[in-house]
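Have a look at work20.pdb below; it lists PDB, C-alpha atoms and all ligand atoms.
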```
ATOM      1  CA  MET A   1       0.000   0.000   0.000
ATOM      2  CA  LYS A   2       1.267   3.427  -0.935
ATOM      3  CA  ILE A   3       0.947   6.402   1.387
ATOM      4  CA  PHE A   4      -1.051   9.359   0.114
ATOM      5  CA  ASN A   5      -1.532  11.764   2.987
ATOM      6  CA  SER A   6      -4.428  14.099   2.273
ATOM      7  CA  HIS A   7      -3.924  16.645   5.062
ATOM      8  CA  VAL A   8      -0.601  18.481   5.551
ATOM      9  CA  HIS A   9       0.093  22.026   6.744
ATOM     10  CA  THR A  10       3.009  24.341   5.995
ATOM     11  CA  SER A  11       4.176  27.750   7.196
ATOM     12  CA  ASN A  12       1.436  29.235   5.012
ATOM     13  CA  SER A  13      -0.868  28.165   7.856
ATOM     14  CA  PRO A  14      -0.803  30.534  10.854
ATOM     15  CA  ASP A  15      -0.237  27.608  13.254
ATOM     16  CA  CYS A  16       2.630  25.866  11.390
ATOM     17  CA  HIS A  17       6.263  26.993  11.343
ATOM     18  CA  TYR A  18       7.735  24.614   8.753
ATOM     19  CA  SER A  19       8.024  25.487   5.092
ATOM     20  CA  ALA A  20       6.379  23.439   2.366
ATOM     21  CA  ASP A  21       9.936  22.404   1.341
ATOM     22  CA  VAL A  22      10.631  20.927   4.785
ATOM     23  CA  MET A  23       7.282  19.115   4.923
ATOM     24  CA  ALA A  24       7.731  17.698   1.398
ATOM     25  CA  GLN A  25      11.261  16.574   2.206
ATOM     26  CA  ALA A  26       9.994  14.798   5.352
ATOM     27  CA  ALA A  27       7.290  13.036   3.332
ATOM     28  CA  TYR A  28       9.825  11.899   0.758
ATOM     29  CA  HIS A  29      12.197  10.608   3.445
ATOM     30  CA  GLU A  30       9.378   8.693   5.129
ATOM     31  CA  GLY A  31       8.600   6.966   1.839
ATOM     32  CA  ALA A  32       5.247   8.623   1.180
ATOM     33  CA  SER A  33       4.039   8.540  -2.425
ATOM     34  CA  GLY A  34       2.027  11.703  -2.189
ATOM     35  CA  ILE A  35       0.869  14.532   0.034
ATOM     36  CA  SER A  36      -1.858  17.111  -0.276
ATOM     37  CA  ILE A  37      -0.853  20.468   1.103
ATOM     38  CA  THR A  38      -3.944  21.842   2.800
ATOM     39  CA  ASP A  39      -3.188  25.113   4.512
ATOM     40  CA  HIS A  40      -5.813  26.805   6.645
ATOM     41  CA  CYS A  41      -8.179  29.278   5.034
ATOM     42  CA  THR A  42     -10.234  30.833   7.790
ATOM     43  CA  ALA A  43     -13.580  31.682   6.244
ATOM     44  CA  SER A  44     -14.891  33.111   9.535
ATOM     45  CA  ASN A  45     -12.224  35.813   9.615
ATOM     46  CA  PHE A  46     -10.871  36.079   6.112
ATOM     47  CA  ILE A  47      -9.987  39.780   6.145
ATOM     48  CA  SER A  48      -7.797  39.888   9.254
ATOM     49  CA  PHE A  49      -6.128  36.619   8.247
ATOM     50  CA  ASP A  50      -5.586  37.829   4.649
ATOM     51  CA  THR A  51      -6.607  34.361   3.565
ATOM     52  CA  TYR A  52      -6.598  35.127  -0.156
ATOM     53  CA  ASN A  53      -2.870  35.867  -0.175
ATOM     54  CA  ILE A  54      -2.151  32.949   2.173
ATOM     55  CA  ALA A  55      -3.961  30.588  -0.199
ATOM     56  CA  LYS A  56      -2.121  32.085  -3.171
ATOM     57  CA  ALA A  57       1.257  31.566  -1.464
ATOM     58  CA  SER A  58       0.354  27.967  -0.601
ATOM     59  CA  VAL A  59      -0.681  27.219  -4.191
ATOM     60  CA  ALA A  60       2.563  28.791  -5.494
ATOM     61  CA  ASP A  61       4.632  26.601  -3.149
ATOM     62  CA  VAL A  62       2.834  23.485  -4.356
ATOM     63  CA  LYS A  63       3.383  24.373  -8.037
ATOM     64  CA  ARG A  64       7.107  24.926  -7.426
ATOM     65  CA  LEU A  65       7.509  21.702  -5.434
ATOM     66  CA  LYS A  66       5.510  19.617  -7.923
ATOM     67  CA  ASN A  67       8.287  20.251 -10.456
ATOM     68  CA  GLN A  68      11.063  19.706  -7.942
ATOM     69  CA  TYR A  69       9.718  16.296  -6.862
ATOM     70  CA  THR A  70       8.576  14.967 -10.241
ATOM     71  CA  GLY A  71       8.876  11.176 -10.215
ATOM     72  CA  GLN A  72       9.692  11.132  -6.482
ATOM     73  CA  LEU A  73       6.687  12.454  -4.611
ATOM     74  CA  GLU A  74       3.285  13.571  -5.844
ATOM     75  CA  ILE A  75       2.300  16.889  -4.359
ATOM     76  CA  PHE A  76      -1.328  17.910  -4.551
ATOM     77  CA  CYS A  77      -2.743  21.350  -4.122
ATOM     78  CA  GLY A  78      -5.327  21.530  -1.380
ATOM     79  CA  ILE A  79      -6.892  23.834   1.141
ATOM     80  CA  GLU A  80      -8.540  23.403   4.527
ATOM     81  CA  PHE A  81     -11.504  25.709   4.832
ATOM     82  CA  ASP A  82     -12.021  26.448   8.478
ATOM     83  CA  GLU A  83     -15.586  27.399   9.298
ATOM     84  CA  MET A  84     -16.585  27.281   5.627
ATOM     85  CA  ILE A  85     -20.223  27.715   6.587
ATOM     86  CA  TRP A  86     -19.535  31.160   8.077
ATOM     87  CA  CYS A  87     -18.848  32.579   4.631
ATOM     88  CA  ASN A  88     -19.691  30.072   1.954
ATOM     89  CA  ASP A  89     -19.692  32.684  -0.839
ATOM     90  CA  TYR A  90     -16.133  33.704  -0.011
ATOM     91  CA  ALA A  91     -15.045  30.059   0.005
ATOM     92  CA  LYS A  92     -16.677  29.603  -3.402
ATOM     93  CA  ARG A  93     -14.766  32.571  -4.836
ATOM     94  CA  ILE A  94     -11.427  31.235  -3.543
ATOM     95  CA  ILE A  95     -12.167  27.778  -4.978
ATOM     96  CA  GLU A  96     -13.101  29.235  -8.372
ATOM     97  CA  SER A  97      -9.963  31.379  -8.513
ATOM     98  CA  MET A  98      -7.415  28.617  -7.822
ATOM     99  CA  ASP A  99      -6.845  25.088  -9.144
ATOM    100  CA  PHE A 100      -7.220  22.826  -6.159
ATOM    101  CA  ASP A 101      -6.835  19.069  -6.205
ATOM    102  CA  VAL A 102      -8.704  18.766  -2.938
ATOM    103  CA  VAL A 103     -10.858  20.965  -0.710
ATOM    104  CA  LEU A 104     -11.224  20.081   2.968
ATOM    105  CA  ALA A 105     -14.049  21.474   5.100
ATOM    106  CA  SER A 106     -13.668  21.688   8.839
ATOM    107  CA  VAL A 107     -15.106  23.265  11.971
ATOM    108  CA  HIS A 108     -12.873  24.735  14.699
ATOM    109  CA  LYS A 109     -15.290  27.209  16.237
ATOM    110  CA  VAL A 110     -19.040  27.287  16.361
ATOM    111  CA  ARG A 111     -21.486  29.995  15.411
ATOM    112  CA  LYS A 112     -23.600  29.737  18.557
ATOM    113  CA  CYS A 113     -20.637  30.225  20.916
ATOM    114  CA  PRO A 114     -21.321  33.612  22.588
ATOM    115  CA  THR A 115     -17.609  34.529  22.731
ATOM    116  CA  GLY A 116     -16.958  33.417  19.141
ATOM    117  CA  GLN A 117     -13.777  31.682  20.264
ATOM    118  CA  HIS A 118     -11.904  28.925  18.499
ATOM    119  CA  PHE A 119     -12.626  25.885  20.653
ATOM    120  CA  SER A 120      -8.928  25.172  21.141
ATOM    121  CA  ARG A 121      -8.958  28.317  23.320
ATOM    122  CA  ILE A 122     -11.934  27.413  25.475
ATOM    123  CA  ASP A 123     -11.151  26.123  28.960
ATOM    124  CA  PHE A 124     -13.506  23.145  29.079
ATOM    125  CA  SER A 125     -12.385  22.321  32.629
ATOM    126  CA  LYS A 126     -14.507  25.268  33.798
ATOM    127  CA  LEU A 127     -17.697  24.247  32.008
ATOM    128  CA  SER A 128     -20.488  22.225  33.615
ATOM    129  CA  GLU A 129     -21.274  18.849  32.094
ATOM    130  CA  GLU A 130     -24.497  20.283  30.688
ATOM    131  CA  ASP A 131     -22.635  23.175  29.041
ATOM    132  CA  ILE A 132     -20.093  20.787  27.547
ATOM    133  CA  TYR A 133     -22.873  18.787  25.887
ATOM    134  CA  THR A 134     -24.575  21.977  24.718
ATOM    135  CA  TYR A 135     -21.322  23.186  23.165
ATOM    136  CA  ALA A 136     -20.646  19.827  21.512
ATOM    137  CA  GLY A 137     -24.199  19.921  20.128
ATOM    138  CA  TRP A 138     -23.470  23.299  18.522
ATOM    139  CA  TYR A 139     -20.354  21.788  16.972
ATOM    140  CA  PHE A 140     -22.329  18.962  15.356
ATOM    141  CA  GLU A 141     -24.997  21.393  14.090
ATOM    142  CA  ASP A 142     -22.311  23.406  12.274
ATOM    143  CA  VAL A 143     -20.734  20.256  10.864
ATOM    144  CA  LEU A 144     -24.088  19.045   9.553
ATOM    145  CA  GLU A 145     -24.833  22.352   7.873
ATOM    146  CA  THR A 146     -21.332  22.408   6.366
ATOM    147  CA  ALA A 147     -21.859  18.893   5.001
ATOM    148  CA  LYS A 148     -25.194  19.884   3.483
ATOM    149  CA  LYS A 149     -24.412  23.293   1.997
ATOM    150  CA  CYS A 150     -20.711  23.681   1.223
ATOM    151  CA  ASP A 151     -18.609  22.862  -1.833
ATOM    152  CA  PHE A 152     -15.852  20.565  -0.573
ATOM    153  CA  ASP A 153     -14.390  17.104  -1.228
ATOM    154  CA  VAL A 154     -13.467  15.881   2.245
ATOM    155  CA  LEU A 155     -15.043  16.493   5.631
ATOM    156  CA  ALA A 156     -12.039  16.826   7.924
ATOM    157  CA  HIS A 157     -11.724  15.497  11.469
ATOM    158  CA  LEU A 158     -15.364  14.790  12.340
ATOM    159  CA  THR A 159     -15.649  14.775  16.193
ATOM    160  CA  ILE A 160     -12.486  16.858  16.695
ATOM    161  CA  ILE A 161     -14.272  18.651  19.529
ATOM    162  CA  ALA A 162     -13.288  15.591  21.619
ATOM    163  CA  ARG A 163      -9.597  16.481  21.121
ATOM    164  CA  TYR A 164     -10.110  19.465  23.415
ATOM    165  CA  ILE A 165     -12.865  18.327  25.768
ATOM    166  CA  CYS A 166     -11.390  14.863  26.411
ATOM    167  CA  GLY A 167      -7.781  15.043  25.187
ATOM    168  CA  LYS A 168      -6.758  18.441  26.529
ATOM    169  CA  TYR A 169      -9.008  18.754  29.595
ATOM    170  CA  GLY A 170      -9.722  15.124  30.451
ATOM    171  CA  ARG A 171     -13.484  15.714  30.605
ATOM    172  CA  SER A 172     -15.779  12.975  29.414
ATOM    173  CA  LEU A 173     -17.884  13.262  26.287
ATOM    174  CA  ASP A 174     -20.134  10.376  25.355
ATOM    175  CA  LEU A 175     -20.187  10.643  21.572
ATOM    176  CA  SER A 176     -23.002   8.078  21.382
ATOM    177  CA  ARG A 177     -25.342  10.865  22.571
ATOM    178  CA  PHE A 178     -24.606  12.540  19.238
ATOM    179  CA  ALA A 179     -25.010   9.374  17.161
ATOM    180  CA  PRO A 180     -28.251  10.561  15.467
ATOM    181  CA  ILE A 181     -26.750  13.828  14.181
ATOM    182  CA  THR A 182     -23.411  12.120  13.400
ATOM    183  CA  ASP A 183     -25.281   9.555  11.292
ATOM    184  CA  GLU A 184     -27.122  12.357   9.535
ATOM    185  CA  VAL A 185     -23.732  13.903   8.640
ATOM    186  CA  LEU A 186     -22.520  10.535   7.318
ATOM    187  CA  LYS A 187     -25.670  10.081   5.217
ATOM    188  CA  VAL A 188     -25.238  13.545   3.698
ATOM    189  CA  LEU A 189     -21.608  12.777   2.814
ATOM    190  CA  ILE A 190     -22.651   9.532   1.127
ATOM    191  CA  SER A 191     -25.510  11.100  -0.798
ATOM    192  CA  ARG A 192     -23.336  14.015  -1.970
ATOM    193  CA  GLY A 193     -20.361  11.745  -2.890
ATOM    194  CA  LYS A 194     -18.012  13.407  -0.388
ATOM    195  CA  SER A 195     -15.195  11.752   1.544
ATOM    196  CA  LEU A 196     -14.913  11.269   5.277
ATOM    197  CA  GLU A 197     -11.422  11.920   6.607
ATOM    198  CA  VAL A 198      -9.690   9.657   9.101
ATOM    199  CA  ASN A 199      -7.510  12.136  10.966
ATOM    200  CA  THR A 200      -4.520  10.658  12.795
ATOM    201  CA  SER A 201      -3.297  13.763  14.621
ATOM    202  CA  GLU A 202      -4.435  12.445  18.046
ATOM    203  CA  VAL A 203      -3.760   8.757  17.461
ATOM    204  CA  SER A 204      -1.421   8.567  20.480
ATOM    205  CA  ASN A 205      -3.841  10.469  22.682
ATOM    206  CA  ILE A 206      -7.568   9.972  22.093
ATOM    207  CA  GLY A 207      -7.208   7.787  18.975
ATOM    208  CA  LEU A 208      -8.428   8.243  15.434
ATOM    209  CA  ILE A 209     -10.807  11.088  14.588
ATOM    210  CA  PRO A 210     -13.476   9.875  14.006
ATOM    211  CA  ASP A 211     -13.222   6.626  15.950
ATOM    212  CA  LYS A 212     -13.650   3.083  14.671
ATOM    213  CA  GLU A 213     -17.280   2.874  15.734
ATOM    214  CA  ILE A 214     -18.224   5.820  13.528
ATOM    215  CA  LEU A 215     -16.152   4.434  10.649
ATOM    216  CA  MET A 216     -18.012   1.122  10.959
ATOM    217  CA  ARG A 217     -21.381   2.869  10.933
ATOM    218  CA  TYR A 218     -20.321   4.864   7.850
ATOM    219  CA  LYS A 219     -19.308   1.641   6.089
ATOM    220  CA  ALA A 220     -22.554  -0.085   7.114
ATOM    221  CA  MET A 221     -24.536   2.827   5.613
ATOM    222  CA  GLY A 222     -22.747   2.344   2.307
ATOM    223  CA  GLY A 223     -19.945   4.862   2.803
ATOM    224  CA  GLU A 224     -16.981   4.067   0.560
ATOM    225  CA  LEU A 225     -14.972   7.268   0.280
ATOM    226  CA  VAL A 226     -12.435   7.832   3.056
ATOM    227  CA  THR A 227      -9.194   9.785   3.040
ATOM    228  CA  ILE A 228      -6.354   9.500   5.536
ATOM    229  CA  GLY A 229      -4.846  12.718   6.839
ATOM    230  CA  THR A 230      -2.156  13.113   9.453
ATOM    231  CA  ASP A 231      -2.908  16.861   9.769
ATOM    232  CA  ALA A 232       0.852  17.258  10.234
ATOM    233  CA  HIS A 233       2.045  20.654  11.427
ATOM    234  CA  ILE A 234       5.602  19.410  12.099
ATOM    235  CA  PRO A 235       7.830  17.242   9.864
ATOM    236  CA  GLU A 236       8.182  14.544  12.547
ATOM    237  CA  LYS A 237       4.450  13.836  12.281
ATOM    238  CA  ILE A 238       4.257  13.732   8.499
ATOM    239  CA  VAL A 239       3.091  10.084   8.386
ATOM    240  CA  HIS A 240       2.325   9.636  12.084
ATOM    241  CA  GLY A 241      -0.500   7.137  12.549
ATOM    242  CA  PHE A 242      -1.064   6.608   8.828
ATOM    243  CA  ARG A 243      -0.706   2.815   8.959
ATOM    244  CA  VAL A 244      -2.869   2.592  12.097
ATOM    245  CA  ALA A 245      -5.611   4.386  10.182
ATOM    246  CA  ALA A 246      -5.218   2.094   7.163
ATOM    247  CA  GLU A 247      -5.335  -1.042   9.344
ATOM    248  CA  THR A 248      -8.430   0.234  11.141
ATOM    249  CA  LEU A 249     -10.138   0.948   7.833
ATOM    250  CA  LYS A 250      -9.332  -2.583   6.690
ATOM    251  CA  GLU A 251     -10.832  -4.015   9.892
ATOM    252  CA  CYS A 252     -13.963  -1.972   9.206
ATOM    253  CA  GLY A 253     -14.258  -3.581   5.762
ATOM    254  CA  PHE A 254     -12.819  -0.845   3.546
ATOM    255  CA  LYS A 255     -10.854  -2.219   0.604
ATOM    256  CA  TYR A 256      -9.283   1.091  -0.326
ATOM    257  CA  TYR A 257      -8.823   4.652   0.796
ATOM    258  CA  THR A 258      -8.847   7.673  -1.501
ATOM    259  CA  TYR A 259      -6.845  10.764  -2.222
ATOM    260  CA  TYR A 260      -7.738  13.545  -4.635
ATOM    261  CA  LYS A 261      -6.383  14.770  -7.916
ATOM    262  CA  ASN A 262      -8.197  17.579  -9.770
ATOM    263  CA  ARG A 263     -10.954  17.169  -7.180
ATOM    264  CA  LYS A 264     -11.584  13.563  -8.252
ATOM    265  CA  PRO A 265     -11.133  10.651  -5.827
ATOM    266  CA  GLN A 266      -8.314   8.216  -6.638
ATOM    267  CA  LYS A 267      -8.309   4.742  -5.107
ATOM    268  CA  GLU A 268      -5.410   3.251  -3.199
ATOM    269  CA  TYR A 269      -6.014  -0.357  -2.130
ATOM    270  CA  ILE A 270      -5.139  -1.157   1.455
TER     271      ILE A 270
HETATM  272 ZN    ZN B   1      -8.495  21.400  11.179
HETATM  273 ZN    ZN B   2      -5.579  20.800   9.507
END
```
Once you've parsed the file, please lay out its structure as structure tokens.
Amino acid sequence: MKIFNSHVHTSNSPDCHYSADVMAQAAYHEGASGISITDHCTASNFISFDTYNIAKASVADVKRLKNQYTGQLEIFCGIEFDEMIWCNDYAKRIIESMDFDVVLASVHKVRKCPTGQHFSRIDFSKLSEEDIYTYAGWYFEDVLETAKKCDFDVLAHLTIIARYICGKYGRSLDLSRFAPITDEVLKVLISRGKSLEVNTSEVSNIGLIPDKEILMRYKAMGGELVTIGTDAHIPEKIVHGFRVAAETLKECGFKYYTYYKNRKPQKEYI
């Protein structure tokens, strides 16, 4: 099985300090066959983040590296739209103006949050259990609306809210309480022909995002399209957890995973 990692950040993302050159070099050294560079494009705050120029710089890096690594490593041009639903028209304009191989949609902050904070900055240790479940419910509502209304290829890190509530603050979050809305998200992805990402960034902490149970439900519903993304922000994590994700997918009955070229899913058999 070849490794095609569909979720990699570079210094064109505000939270990554390693150049696209360093990340590509790490992927090549780890024996990956391909990576999709998917820098953050914050649709909720696109003016102060100057996301248009960030996206342009990311695309330019990919074009340059594609030539440099010809025959050694495939480098795909992607983007991770944070909070796409907050400004879907803006996201559409960015997508139309650049040639992406893959578009990721993700949620890192929720519209109903009174402070409007990114949830990585919320201290969940101070919230009551009821408030934690309310907040998580808002997260799933935004994810469902994103899945229904936005133009993307891959829904990134479904259930990532658990990374903060459980992983960072050690609070409990019973995801089975959100099974009905999670299943609705999965059904929308299947009906719209979108991929579900298996994100490995927390594999050593809280496990795969989403977990095996959700992947099995997706498969049972007829879901076929899955990508694997390490969401690497540092070169050391460029392929971290990739094989764990592939093995888990195999155990769930998936015969292949996908990666994207010109916004079309490509199969890689596991
Ligand atoms: Zn993300
Ligand atoms: Zn990411």
message = Neighbours of ligand ZN 2 (chain B) at 8 Å or closer, counting all atoms listed in the file: which residues, as a count of residues only?
response = 11
Given a cut-off of 7 Å, what residues near ligand ZN 1 (chain B) show up using only C-alpha atoms and all ligand atoms, put as a tab-separated table (two decimals) with C-alpha atoms, keeping the file's coordinate frame?
```tsv
chain	number	residue	atom	x	y	z
A	80	GLU	CA	-8.54	23.40	4.53
A	82	ASP	CA	-12.02	26.45	8.48
A	106	SER	CA	-13.67	21.69	8.84
A	107	VAL	CA	-15.11	23.26	11.97
A	108	HIS	CA	-12.87	24.74	14.70
A	156	ALA	CA	-12.04	16.83	7.92
A	157	HIS	CA	-11.72	15.50	11.47
```
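Nearest to A:Glu30 of all the residues A:Phe49, A:Thr134, A:Leu73, A:Tyr257 is A:Leu73, counting only C-alpha atoms.
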query = Of the candidates A:Val203, A:Cys252, A:Ile165, A:Ile95, which one gets nearest to A:Val239 if we count all atoms listed in the file?
reply =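 So, comparing all the options, the nearest one is A:Val203.
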query = atom CA of A:Ala105 and atom CA of A:Met84, how far apart in Å?
reply =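 So the two atoms, atom CA of A:Met84 and atom CA of A:Ala105, lie 6.4 Å apart.
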Would you mind listing, for every residue of stretch 218-268 of chain A within 8 Å of stretch 20-23 of chain A, the two atoms forming the shortest contact and the distance between them in Å to one decimal, using all atoms listed in the file, sorted by chain and ascending residue number, as JSON lines?
```
{"residue": "A:Ile234", "atom": "CA", "partner": "A:Met23", "partner_atom": "CA", "distance": 7.4}
{"residue": "A:Pro235", "atom": "CA", "partner": "A:Met23", "partner_atom": "CA", "distance": 5.3}
{"residue": "A:Ile238", "atom": "CA", "partner": "A:Met23", "partner_atom": "CA", "distance": 7.1}
```
ask   = Any idea what the distance is between atom CA of A:Ile3 and atom CA of A:Ile160?
value = 22.9 Å
query = Once the PyMOL selection byres (((chain A and resi 139-155) around 6) and not hetatm) has been applied to the shown file, what residues remain in the selection, as a PyMOL selection string?
reply = chain A and resi 85+103-105+110+136-138+156+185+194-197
message = Would you pick out the contacts of A:Ser172 at 10 Å or less, using all atoms listed in the file, so that residues sharing its chain but fewer than 4 positions from it are not included, and give the list as a list in words?
response =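 Returned residues: Glu129, Ile132, Tyr133, Ala162, Ile165, Cys166 and Gly167 of chain A.
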task = Using only C-alpha atoms, pick whichever of A:Asp61, A:Glu236, A:Asp101, A:Asp183 has the shortest atom-to-atom distance to A:Tyr259.
result =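 Smallest distance to A:Tyr259 is found for A:Asp101.
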message = Please enumerate the residues selected by the PyMOL selection byres (((chain A and resi 218) around 10) and not hetatm) when evaluated against the supplied file, formatted as a PyMOL selection string.
response = chain A and resi 182-183+185-187+189-190+196+212-217+219-226+252
task = Identify all residues satisfying the PyMOL selection byres (((chain A and resi 55) around 12) and not hetatm) in the given file; provide them as JSON, numbers by chain.
result = {"A": [9, 10, 11, 12, 13, 14, 37, 38, 39, 40, 41, 42, 43, 46, 49, 50, 51, 52, 53, 54, 56, 57, 58, 59, 60, 61, 62, 77, 78, 79, 80, 81, 91, 93, 94, 95, 97, 98, 99, 100, 103]}
ask   = Out of A:Lys112, A:Thr230, A:Pro210, A:Phe178, which residue has the shortest atom-to-atom distance to A:Leu158 when counting all atoms listed in the file?
value =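 So, comparing all the options, the nearest one is A:Pro210.
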query = Of the residues A:Arg192, A:His240, A:Arg121, A:Arg163, which is the one nearest to A:Asp211, using only C-alpha atoms?
reply =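 Looking only at the distances to A:Asp211, the closest residue turns out to be A:Arg163.
Remark: for A:Tyr69, the closest of the candidate residues A:Gly253, A:Gly34, A:Gly207, A:Gly229 is A:Gly34 (distances computed over only C-alpha atoms).
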request  = For atom CA of A:Tyr135 and atom CA of A:Cys113, quote the distance in Å rounded to one decimal.
outcome  =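 Distance between the two atoms: 7.4 Å.
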Using all atoms of stretch 149-157 of chain A listed in the file and a margin of 5 Å per side, can you give the axis-aligned box centre and edge lengths in Å to one decimal, as lines of an AutoDock Vina configuration file?
```
center_x = -18.1
center_y = 19.6
center_z = 4.8
size_x = 22.7
size_y = 18.2
size_z = 23.3
```
